>>> print(open('coords23.txt').read())   # compact mmCIF, C-alpha atoms
# COMPACT_ATOMS: atom_id res chain seq x y z
CA MET A 1095 -59.60 74.18 53.23
CA GLN A 1096 -60.08 76.86 50.57
CA THR A 1097 -63.40 77.79 49.03
CA SER A 1098 -63.79 77.24 45.31
CA THR A 1099 -64.73 80.12 43.02
CA LEU A 1100 -68.04 80.17 41.20
CA PRO A 1101 -66.58 79.50 37.73
CA LEU A 1102 -65.04 76.29 39.09
CA LEU A 1103 -68.36 75.33 40.67
CA LYS A 1104 -70.25 75.84 37.39
CA GLN A 1105 -67.68 73.81 35.53
CA GLN A 1106 -68.13 70.98 38.01
CA THR A 1107 -71.95 71.00 37.86
CA GLU A 1108 -72.43 70.73 34.12
CA CYS A 1109 -74.32 67.45 34.56
CA VAL A 1110 -76.72 68.98 37.11
CA PRO A 1111 -79.93 70.41 35.62
CA PHE A 1112 -80.21 74.18 36.07
CA TYR A 1113 -83.57 75.74 36.82
CA PRO A 1114 -84.85 78.84 35.04
CA GLU A 1115 -86.09 80.65 38.15
CA LEU A 1116 -82.74 80.13 39.85
CA ASP A 1117 -80.54 80.72 36.82
CA GLU A 1118 -81.81 84.27 36.68
CA ILE A 1119 -79.92 84.89 39.92
CA SER A 1120 -76.43 86.38 39.67
CA TRP A 1121 -74.34 83.80 41.52
CA LYS A 1122 -71.24 85.41 43.03
CA ALA A 1123 -69.46 82.57 44.84
CA GLY A 1124 -69.65 78.84 45.46
CA ILE A 1125 -67.94 75.74 46.74
CA SER A 1126 -67.78 72.13 45.59
CA LEU A 1127 -67.07 69.52 48.24
CA VAL A 1128 -67.13 65.80 48.91
CA SER A 1129 -68.27 64.10 52.13
CA TYR A 1130 -68.13 60.30 52.50
CA GLY A 1131 -67.99 59.99 48.72
CA VAL A 1132 -71.03 62.21 48.11
CA HIS A 1133 -70.31 65.30 45.99
CA ILE A 1134 -72.09 68.54 46.91
CA GLY A 1135 -72.22 71.95 45.23
CA ILE A 1136 -73.28 75.13 47.04
CA ARG A 1137 -73.71 78.48 45.30
CA VAL A 1138 -74.56 81.87 46.82
CA ASN A 1139 -75.51 85.24 45.42
CA GLU A 1140 -73.85 87.08 48.31
CA PRO A 1141 -70.14 86.20 48.82
CA THR A 1142 -70.04 87.36 52.45
CA ILE A 1143 -72.22 84.47 53.63
CA LEU A 1144 -69.90 81.81 52.23
CA GLU A 1145 -67.32 81.93 55.02
CA PRO A 1146 -69.77 81.57 57.98
CA LEU A 1147 -71.54 78.84 55.99
CA LEU A 1148 -68.42 76.65 56.23
CA ASP A 1149 -69.14 75.99 59.92
CA TYR A 1150 -72.28 74.09 58.90
CA LEU A 1151 -70.65 71.66 56.47
CA PRO A 1152 -70.24 67.96 57.39
CA PRO A 1153 -67.15 67.08 59.44
CA GLY A 1154 -64.18 65.96 57.38
CA TRP A 1155 -65.39 67.50 54.11
CA GLU A 1156 -62.87 68.15 51.38
CA GLU A 1157 -62.91 70.19 48.20
CA SER A 1158 -63.81 68.27 45.09
CA SER A 1159 -63.37 68.67 41.35
CA SER A 1160 -66.00 66.05 40.41
CA PRO A 1161 -69.56 66.63 39.16
CA VAL A 1162 -71.92 67.10 42.08
CA ASP A 1163 -74.71 64.79 43.22
CA GLU A 1164 -76.69 67.59 44.88
CA LEU A 1165 -76.71 71.35 44.22
CA TYR A 1166 -77.74 73.85 46.93
CA SER A 1167 -78.57 77.48 46.16
CA LEU A 1168 -78.58 80.15 48.90
CA ILE A 1169 -80.20 83.48 48.05
CA VAL A 1170 -79.97 86.77 49.95
CA ASP A 1171 -82.57 89.28 48.75
CA GLU A 1172 -83.59 92.78 49.82
CA ILE A 1173 -87.33 93.27 50.20
CA GLY A 1174 -89.02 96.66 50.39
CA LYS A 1175 -87.63 100.19 50.64
CA GLY A 1176 -86.85 102.68 53.36
CA SER A 1177 -87.88 101.77 56.89
CA GLY A 1178 -89.84 98.79 55.55
CA ARG A 1179 -86.72 97.21 54.05
CA TYR A 1180 -85.68 93.77 55.26
CA ILE A 1181 -83.43 90.94 54.12
CA ASP A 1182 -85.05 87.71 52.96
CA HIS A 1183 -83.03 84.49 52.77
CA GLN A 1184 -83.90 81.35 50.83
CA ILE A 1185 -82.29 77.94 50.37
CA TYR A 1186 -82.96 75.43 47.60
CA ARG A 1187 -81.82 71.88 46.95
CA GLY A 1188 -82.13 71.49 43.22
CA GLN A 1189 -85.40 73.26 42.42
CA GLU A 1190 -87.02 72.49 45.79
CA LYS A 1191 -87.19 75.37 48.25
CA LEU A 1192 -86.19 74.02 51.65
CA ALA A 1193 -86.64 77.15 53.75
CA GLU A 1194 -87.21 80.91 53.66
CA SER A 1195 -86.44 83.18 56.60
CA ILE A 1196 -85.27 86.64 57.56
CA GLU A 1197 -82.78 84.90 59.86
CA LEU A 1198 -79.64 83.66 58.12
CA GLU A 1199 -79.01 81.22 61.00
CA THR A 1200 -82.24 79.41 60.09
CA ILE A 1201 -80.98 78.97 56.53
CA PHE A 1202 -77.63 77.64 57.72
CA GLU A 1203 -79.32 75.21 60.12
CA THR A 1204 -81.55 73.97 57.29
CA LEU A 1205 -78.47 73.42 55.12
CA ASP A 1206 -76.74 71.56 57.95
CA SER A 1207 -79.72 69.27 58.58
CA ASP A 1208 -80.49 68.55 54.95
CA LEU A 1209 -76.83 67.98 54.03
CA ARG A 1210 -76.47 65.38 56.78
CA LEU A 1211 -79.60 63.60 55.64
CA GLN A 1212 -78.70 63.60 51.94
CA VAL A 1213 -75.18 62.34 52.61
CA GLY A 1214 -76.55 59.63 54.90
CA ILE A 1215 -78.93 58.45 52.17
CA ALA A 1216 -76.56 58.67 49.20
CA VAL A 1217 -73.40 57.24 50.80
CA GLN A 1218 -72.53 53.78 49.48
CA ASP A 1219 -69.78 52.31 51.67
CA TRP A 1220 -70.85 53.58 55.11
CA LEU A 1221 -73.93 53.15 57.26
CA PHE A 1222 -75.31 56.20 59.07
CA VAL A 1223 -77.28 55.53 62.27
CA HIS A 1224 -78.92 58.30 64.29
CA ALA A 1225 -76.98 57.91 67.53
CA GLY A 1226 -74.74 59.72 69.94
CA VAL A 1227 -71.31 58.09 70.24
CA VAL A 1228 -68.42 58.27 72.69
CA GLY A 1229 -65.35 56.14 73.15
CA TRP A 1230 -64.23 54.54 76.42
CA ARG A 1231 -61.33 52.16 77.00
CA GLY A 1232 -61.09 51.23 73.31
CA LYS A 1233 -64.83 50.58 72.87
CA ALA A 1234 -67.69 52.70 71.55
CA ILE A 1235 -70.87 53.53 73.45
CA LEU A 1236 -73.84 54.04 71.10
CA ILE A 1237 -76.96 55.94 72.15
CA PRO A 1238 -79.47 55.51 69.30
CA GLY A 1239 -82.28 58.03 69.01
CA ARG A 1240 -83.84 60.73 66.86
CA SER A 1241 -83.61 64.47 67.43
CA PHE A 1242 -84.96 65.68 70.79
CA SER A 1243 -84.35 62.25 72.35
CA GLY A 1244 -81.58 63.55 74.64
CA LYS A 1245 -78.57 62.16 72.73
CA THR A 1246 -76.52 65.34 72.95
CA THR A 1247 -77.20 65.84 76.65
CA LEU A 1248 -76.03 62.32 77.47
CA VAL A 1249 -73.02 62.54 75.15
CA LYS A 1250 -71.99 65.82 76.82
CA ALA A 1251 -72.28 64.21 80.28
CA LEU A 1252 -70.19 61.23 79.16
CA VAL A 1253 -67.52 63.55 77.74
CA ASN A 1254 -67.50 65.49 81.01
CA ALA A 1255 -66.97 62.15 82.78
CA GLY A 1256 -63.87 61.47 80.67
CA ALA A 1257 -65.17 59.71 77.54
CA THR A 1258 -63.87 60.59 74.08
CA TYR A 1259 -66.25 62.39 71.76
CA TYR A 1260 -67.23 60.75 68.47
CA SER A 1261 -70.59 62.27 67.55
CA ASP A 1262 -73.85 63.66 68.91
CA GLU A 1263 -75.73 62.91 65.69
CA TYR A 1264 -74.54 59.86 63.73
CA ALA A 1265 -72.78 56.60 64.39
CA VAL A 1266 -70.91 56.08 61.12
CA LEU A 1267 -70.30 52.35 60.68
CA ASP A 1268 -67.95 50.68 58.22
CA THR A 1269 -68.74 47.32 56.64
CA GLU A 1270 -67.15 45.51 59.62
CA GLY A 1271 -69.44 47.27 62.09
CA ARG A 1272 -66.77 49.55 63.57
CA VAL A 1273 -67.68 53.12 64.51
CA HIS A 1274 -65.78 56.01 62.92
CA PRO A 1275 -65.64 59.60 64.17
CA TYR A 1276 -68.25 62.10 63.01
CA PRO A 1277 -67.08 64.97 65.23
CA ARG A 1278 -69.53 67.71 64.30
CA ARG A 1279 -69.94 70.56 66.74
CA LEU A 1280 -72.40 69.59 69.46
CA SER A 1281 -75.87 71.13 69.23
CA ILE A 1282 -76.77 72.01 72.81
CA ARG A 1283 -80.36 73.10 73.41
CA GLN A 1284 -80.56 76.19 75.63
CA GLY A 1285 -84.20 76.06 76.57
CA GLU A 1286 -87.66 76.40 75.12
CA GLY A 1287 -87.83 79.08 72.45
CA GLN A 1288 -84.05 79.57 72.37
CA ARG A 1289 -81.75 78.77 69.47
CA VAL A 1290 -79.45 75.77 69.68
CA LYS A 1291 -75.90 76.59 70.77
CA ARG A 1292 -73.22 74.96 68.64
CA CYS A 1293 -69.85 74.32 70.25
CA SER A 1294 -66.84 72.10 69.70
CA VAL A 1295 -65.99 69.33 72.14
CA GLU A 1296 -62.78 71.20 72.95
CA GLU A 1297 -64.86 74.12 74.21
CA LEU A 1298 -66.42 71.66 76.67
CA GLY A 1299 -62.99 70.52 77.84
CA GLY A 1300 -63.14 67.19 76.01
CA THR A 1301 -61.32 65.57 73.11
CA ALA A 1302 -62.50 64.05 69.84
CA GLY A 1303 -61.69 60.47 68.82
CA THR A 1304 -59.70 59.74 65.68
CA GLU A 1305 -59.63 55.92 65.37
CA PRO A 1306 -62.45 53.47 64.54
CA LEU A 1307 -63.78 51.51 67.52
CA PRO A 1308 -65.74 48.29 67.97
CA VAL A 1309 -69.09 48.74 69.68
CA GLY A 1310 -68.96 47.85 73.36
CA LEU A 1311 -72.26 49.19 74.71
CA ILE A 1312 -75.64 50.14 73.20
CA VAL A 1313 -77.97 52.20 75.38
CA HIS A 1314 -81.56 52.38 74.14
CA ALA A 1315 -83.03 54.44 76.97
CA GLN A 1316 -85.76 57.05 77.10
CA TYR A 1317 -85.26 60.00 79.44
CA GLU A 1318 -88.08 60.87 81.83
CA SER A 1319 -87.81 63.62 84.40
CA GLY A 1320 -87.89 62.27 87.94
CA VAL A 1321 -87.94 58.63 86.87
CA GLN A 1322 -85.91 56.06 88.76
CA ARG A 1323 -83.25 54.57 86.56
CA ASN A 1324 -84.34 51.20 85.19
CA LEU A 1325 -81.94 49.84 82.59
CA LYS A 1326 -82.10 46.13 81.79
CA PRO A 1327 -80.13 43.95 79.39
CA MET A 1328 -81.74 43.32 76.02
CA SER A 1329 -80.86 40.64 73.50
CA LEU A 1330 -78.47 41.20 70.62
CA GLY A 1331 -81.43 40.84 68.26
CA HIS A 1332 -83.25 43.67 69.99
CA GLY A 1333 -80.00 45.65 69.91
CA VAL A 1334 -79.93 45.27 66.13
CA LEU A 1335 -83.57 46.38 65.91
CA ALA A 1336 -82.90 49.43 68.09
CA LEU A 1337 -80.16 50.51 65.68
CA LEU A 1338 -82.15 49.57 62.58
CA ASP A 1339 -85.03 51.77 63.76
CA ASN A 1340 -82.60 54.71 63.69
CA THR A 1341 -80.78 53.83 60.46
CA ILE A 1342 -81.35 56.28 57.60
CA VAL A 1343 -81.43 53.70 54.80
CA ALA A 1344 -83.21 50.96 56.77
CA SER A 1345 -86.13 50.77 54.35
CA LEU A 1346 -84.10 51.63 51.24
CA ARG A 1347 -81.20 49.19 51.63
CA PRO A 1348 -82.01 46.63 54.36
CA ASP A 1349 -79.76 43.99 52.76
CA PHE A 1350 -76.83 46.37 53.15
CA ALA A 1351 -77.73 47.63 56.63
CA LEU A 1352 -78.56 44.41 58.51
CA PRO A 1353 -75.19 42.58 58.17
CA ILE A 1354 -73.34 45.71 59.29
CA LEU A 1355 -75.61 46.16 62.31
CA ALA A 1356 -75.28 42.49 63.23
CA SER A 1357 -71.49 42.81 63.15
CA ALA A 1358 -71.63 46.00 65.22
CA VAL A 1359 -73.81 44.45 67.93
CA SER A 1360 -72.11 41.04 68.06
CA GLY A 1361 -69.64 41.96 70.80
CA ALA A 1362 -71.72 44.56 72.63
CA LEU A 1363 -73.70 44.77 75.85
CA CYS A 1364 -77.19 46.10 75.08
CA LEU A 1365 -79.31 47.98 77.65
CA GLU A 1366 -82.82 49.37 77.42
CA GLY A 1367 -85.32 51.08 79.67
CA LYS A 1368 -85.81 54.43 81.38
CA ARG A 1369 -83.01 56.74 82.42
CA ASP A 1370 -82.64 59.57 84.87
CA GLU A 1371 -80.54 62.74 84.53
CA ALA A 1372 -77.60 62.48 82.15
CA GLU A 1373 -75.00 63.37 84.75
CA ASP A 1374 -76.24 60.60 87.05
CA ILE A 1375 -76.28 57.86 84.44
CA ALA A 1376 -73.02 58.77 82.67
CA ILE A 1377 -70.73 57.29 85.34
CA ALA A 1378 -72.91 54.17 85.59
CA LEU A 1379 -72.63 53.57 81.85
CA LEU A 1380 -68.85 53.87 81.88
CA GLN A 1381 -68.75 51.37 84.76
CA HIS A 1382 -71.04 48.99 82.81
CA LEU A 1383 -68.59 49.02 79.93
CA GLU A 1384 -65.60 48.42 82.18
CA ASN A 1385 -67.28 45.51 83.91
>>> encode(input="coords23.txt", output="structure tokens")
Amino acid sequence: MQTSTLPLLKQQTECVPFYPELDEISWKAGISLVSYGVHIGIRVNEPTILEPLLDYLPPGWEESSSPVDELYSLIVDEIGKGSGRYIDHQIYRGQEKLAESIELETIFETLDSDLRLQVGIAVQDWLFVHAGVVGWRGKAILIPGRSFSGKTTLVKALVNAGATYYSDEYAVLDTEGRVHPYPRRLSIRQGEGQRVKRCSVEELGGTAGTEPLPVGLIVHAQYESGVQRNLKPMSLGHGVLALLDNTIVASLRPDFALPILASAVSGALCLEGKRDEAEDIAIALLQHLEN
């Protein structure tokens, strides 16, 4: 995938309002992309940050020549002189400043997070559910939950146990309730106060799925250190509610979301309760699905 030049980006964003305080910036490079039908423009005033930025774009993105739905602006600015000089970074969506930091990684992580959210809200033909996903024997295992709920840790353990990686962030459902791959790099937390490590599933020795799968197992389980595993079956209705509670557009488009979730859950085993360490429960979950 090649990055678009700034003149092409400006041509494609004619219908997007420009903002005086940002239009005073000398934009040197940019890219226009589409992800799940949502068109995004990103412009930067420092061309060297464009290439590392590509690692933070949504999986499966493609270049686009259509007008954009959202415009992001990334600014690199020098503050001060001499020994007091430092580099300040800012990121805007439209005219809203999303973050400011001396660490470029913080800006990229903000772009990554906000892009995923905006695509999940604006997409029309897909349903985005906060959930880790792996494939096993032709079925998908969904682990619904918000950030810091342990999704990535359990997904990693399942991949280490032989499951196929689909996502550690979103279950992307089509209108028939099947799960499609969203194989972003896994965000593995290193410890308190440390930055998240991003790595591909291949770096972990696993493989990413490529085909849509029906849902076979939904695991709505809260991790507690030292707890004895206590997973019990829950009804399909409660399975739908567990997914709905983690669906981005649940309150915005419930009439769209509910039929898809009902289809997704219709053939699945649903479990809820407390879980122990990810490595210990991973094998048990794969056995549940086989049985």
>>> closest_atom_pairs(input="coords23.txt", of="stretch 1186-1251 of chain A", to="stretch 1311-1332 of chain A", cutoff="10 Å", atoms="only C-alpha atoms", output="tab-separated table")
residue	atom	partner	partner_atom	distance
A:Ala1225	CA	A:Ile1312	CA	9.7
A:Gly1226	CA	A:Val1313	CA	9.8
A:Val1227	CA	A:Ile1312	CA	9.5
A:Gly1229	CA	A:Leu1311	CA	9.9
A:Trp1230	CA	A:Leu1311	CA	9.8
A:Lys1233	CA	A:Leu1311	CA	7.8
A:Ala1234	CA	A:Leu1311	CA	6.6
A:Ile1235	CA	A:Leu1311	CA	4.7
A:Leu1236	CA	A:Ile1312	CA	4.8
A:Ile1237	CA	A:Val1313	CA	5.0
A:Pro1238	CA	A:His1314	CA	6.1
A:Gly1239	CA	A:His1314	CA	7.7
A:Ser1243	CA	A:Gln1316	CA	7.2
A:Gly1244	CA	A:Tyr1317	CA	7.0
A:Lys1245	CA	A:Tyr1317	CA	9.7
A:Leu1248	CA	A:Tyr1317	CA	9.7
>>> residues_around(input="coords23.txt", residues="A:Glu1199", least_positions_apart="6", cutoff="12 Å", atoms="all atoms listed in the file", output="CSV table (one decimal) with C-alpha atoms, in the frame of the given file")
chain,number,residue,atom,x,y,z
A,1143,ILE,CA,-72.2,84.5,53.6
A,1146,PRO,CA,-69.8,81.6,58.0
A,1147,LEU,CA,-71.5,78.8,56.0
A,1149,ASP,CA,-69.1,76.0,59.9
A,1150,TYR,CA,-72.3,74.1,58.9
A,1182,ASP,CA,-85.0,87.7,53.0
A,1183,HIS,CA,-83.0,84.5,52.8
A,1184,GLN,CA,-83.9,81.4,50.8
A,1185,ILE,CA,-82.3,77.9,50.4
A,1193,ALA,CA,-86.6,77.2,53.8
A,1205,LEU,CA,-78.5,73.4,55.1
A,1206,ASP,CA,-76.7,71.6,58.0
A,1289,ARG,CA,-81.8,78.8,69.5
A,1290,VAL,CA,-79.4,75.8,69.7
A,1291,LYS,CA,-75.9,76.6,70.8
A,1292,ARG,CA,-73.2,75.0,68.6
>>> residues_near_point(input="coords23.txt", point="(-75.4, 68.1, 76.9)", cutoff="10 Å", atoms="all atoms listed in the file", output="count of residues only")
20
>>> closest_residue(input="coords23.txt", among="A:Leu1307, A:Ile1342, A:Leu1151, A:Ile1119", to="A:Arg1278", atoms="all atoms listed in the file")
A:Leu1151
>>> residues_around(input="coords23.txt", residues="A:Ser1158", least_positions_apart="4", cutoff="7 Å", atoms="only C-alpha atoms", output="PyMOL selection string")
chain A and resi 1126-1128
>>> closest_residue(input="coords23.txt", among="A:Pro1306, A:Gly1232, A:Lys1122, A:Leu1221", to="A:Leu1337", atoms="all atoms listed in the file")
A:Leu1221
>>> atom_distance(input="coords23.txt", atom1="atom CA of A:Tyr1260", atom2="atom CA of A:Asp1219")
19.0 Å
>>> decode(input="coords23.txt", residues="stretch 1288-1300 of chain A", atoms="all heavy atoms", output="mmCIF file, in the first residue's frame")
data_model
loop_
_atom_site.group_PDB
_atom_site.id
_atom_site.type_symbol
_atom_site.label_atom_id
_atom_site.label_comp_id
_atom_site.auth_asym_id
_atom_site.auth_seq_id
_atom_site.Cartn_x
_atom_site.Cartn_y
_atom_site.Cartn_z
ATOM 1 N N GLN A 1288 4.292 0.656 32.339
ATOM 2 C CA GLN A 1288 5.028 0.371 31.114
ATOM 3 C C GLN A 1288 4.099 0.482 29.907
ATOM 4 O O GLN A 1288 2.905 0.239 30.000
ATOM 5 C CB GLN A 1288 5.642 -1.037 31.164
ATOM 6 C CG GLN A 1288 6.675 -1.210 32.254
ATOM 7 C CD GLN A 1288 7.351 -2.568 32.185
ATOM 8 O OE1 GLN A 1288 7.180 -3.312 31.229
ATOM 9 N NE2 GLN A 1288 8.118 -2.888 33.212
ATOM 10 N N ARG A 1289 4.691 0.858 28.780
ATOM 11 C CA ARG A 1289 3.918 1.030 27.557
ATOM 12 C C ARG A 1289 3.511 -0.323 26.994
ATOM 13 O O ARG A 1289 4.208 -1.328 27.161
ATOM 14 C CB ARG A 1289 4.737 1.809 26.529
ATOM 15 C CG ARG A 1289 3.925 2.260 25.334
ATOM 16 C CD ARG A 1289 4.724 3.193 24.454
ATOM 17 N NE ARG A 1289 4.993 4.456 25.097
ATOM 18 C CZ ARG A 1289 4.133 5.452 25.178
ATOM 19 N NH1 ARG A 1289 2.902 5.308 24.668
ATOM 20 N NH2 ARG A 1289 4.451 6.577 25.766
ATOM 21 N N VAL A 1290 2.359 -0.346 26.338
ATOM 22 C CA VAL A 1290 1.862 -1.560 25.721
ATOM 23 C C VAL A 1290 2.808 -2.004 24.608
ATOM 24 O O VAL A 1290 3.311 -1.177 23.841
ATOM 25 C CB VAL A 1290 0.448 -1.319 25.150
ATOM 26 C CG1 VAL A 1290 0.021 -2.467 24.244
ATOM 27 C CG2 VAL A 1290 -0.555 -1.141 26.279
ATOM 28 N N LYS A 1291 3.072 -3.288 24.532
ATOM 29 C CA LYS A 1291 3.878 -3.846 23.446
ATOM 30 C C LYS A 1291 2.936 -4.332 22.350
ATOM 31 O O LYS A 1291 2.003 -5.067 22.604
ATOM 32 C CB LYS A 1291 4.725 -5.019 23.951
ATOM 33 C CG LYS A 1291 5.548 -5.681 22.849
ATOM 34 C CD LYS A 1291 6.305 -6.883 23.382
ATOM 35 C CE LYS A 1291 7.073 -7.586 22.264
ATOM 36 N NZ LYS A 1291 7.785 -8.793 22.778
ATOM 37 N N ARG A 1292 3.201 -3.909 21.124
ATOM 38 C CA ARG A 1292 2.380 -4.296 19.987
ATOM 39 C C ARG A 1292 3.151 -5.327 19.170
ATOM 40 O O ARG A 1292 4.297 -5.100 18.806
ATOM 41 C CB ARG A 1292 2.046 -3.080 19.121
ATOM 42 C CG ARG A 1292 1.179 -2.052 19.822
ATOM 43 C CD ARG A 1292 1.226 -0.713 19.117
ATOM 44 N NE ARG A 1292 0.851 -0.835 17.713
ATOM 45 C CZ ARG A 1292 -0.392 -0.756 17.265
ATOM 46 N NH1 ARG A 1292 -1.389 -0.571 18.113
ATOM 47 N NH2 ARG A 1292 -0.658 -0.848 15.984
ATOM 48 N N CYS A 1293 2.511 -6.463 18.903
ATOM 49 C CA CYS A 1293 3.196 -7.488 18.125
ATOM 50 C C CYS A 1293 2.183 -8.254 17.282
ATOM 51 O O CYS A 1293 1.003 -8.366 17.642
ATOM 52 C CB CYS A 1293 3.976 -8.441 19.019
ATOM 53 S SG CYS A 1293 2.974 -9.389 20.172
ATOM 54 N N SER A 1294 2.636 -8.764 16.168
ATOM 55 C CA SER A 1294 1.770 -9.544 15.290
ATOM 56 C C SER A 1294 1.583 -10.936 15.865
ATOM 57 O O SER A 1294 2.392 -11.412 16.680
ATOM 58 C CB SER A 1294 2.389 -9.639 13.891
ATOM 59 O OG SER A 1294 3.566 -10.429 13.921
ATOM 60 N N VAL A 1295 0.535 -11.623 15.439
ATOM 61 C CA VAL A 1295 0.296 -12.977 15.918
ATOM 62 C C VAL A 1295 1.394 -13.911 15.440
ATOM 63 O O VAL A 1295 1.736 -14.894 16.112
ATOM 64 C CB VAL A 1295 -1.095 -13.474 15.480
ATOM 65 C CG1 VAL A 1295 -1.151 -13.690 13.969
ATOM 66 C CG2 VAL A 1295 -1.479 -14.759 16.215
ATOM 67 N N GLU A 1296 1.992 -13.605 14.292
ATOM 68 C CA GLU A 1296 3.085 -14.433 13.789
ATOM 69 C C GLU A 1296 4.300 -14.370 14.713
ATOM 70 O O GLU A 1296 5.012 -15.369 14.874
ATOM 71 C CB GLU A 1296 3.476 -13.987 12.369
ATOM 72 C CG GLU A 1296 2.451 -14.315 11.295
ATOM 73 C CD GLU A 1296 1.261 -13.374 11.286
ATOM 74 O OE1 GLU A 1296 1.351 -12.294 11.920
ATOM 75 O OE2 GLU A 1296 0.242 -13.699 10.639
ATOM 76 N N GLU A 1297 4.524 -13.213 15.321
ATOM 77 C CA GLU A 1297 5.624 -13.091 16.282
ATOM 78 C C GLU A 1297 5.397 -13.976 17.500
ATOM 79 O O GLU A 1297 6.352 -14.350 18.196
ATOM 80 C CB GLU A 1297 5.787 -11.636 16.711
ATOM 81 C CG GLU A 1297 6.268 -10.706 15.618
ATOM 82 C CD GLU A 1297 6.341 -9.270 16.101
ATOM 83 O OE1 GLU A 1297 7.277 -8.947 16.866
ATOM 84 O OE2 GLU A 1297 5.454 -8.478 15.734
ATOM 85 N N LEU A 1298 4.142 -14.300 17.778
ATOM 86 C CA LEU A 1298 3.811 -15.177 18.906
ATOM 87 C C LEU A 1298 3.789 -16.646 18.492
ATOM 88 O O LEU A 1298 3.497 -17.513 19.313
ATOM 89 C CB LEU A 1298 2.443 -14.794 19.478
ATOM 90 C CG LEU A 1298 2.308 -13.370 20.027
ATOM 91 C CD1 LEU A 1298 0.880 -13.119 20.480
ATOM 92 C CD2 LEU A 1298 3.284 -13.129 21.175
ATOM 93 N N GLY A 1299 4.062 -16.905 17.216
ATOM 94 C CA GLY A 1299 4.053 -18.287 16.733
ATOM 95 C C GLY A 1299 2.692 -18.764 16.286
ATOM 96 O O GLY A 1299 2.504 -19.960 16.042
ATOM 97 N N GLY A 1300 1.722 -17.852 16.148
ATOM 98 C CA GLY A 1300 0.381 -18.235 15.741
ATOM 99 C C GLY A 1300 0.078 -17.819 14.315
ATOM 100 O O GLY A 1300 0.936 -17.287 13.598
#
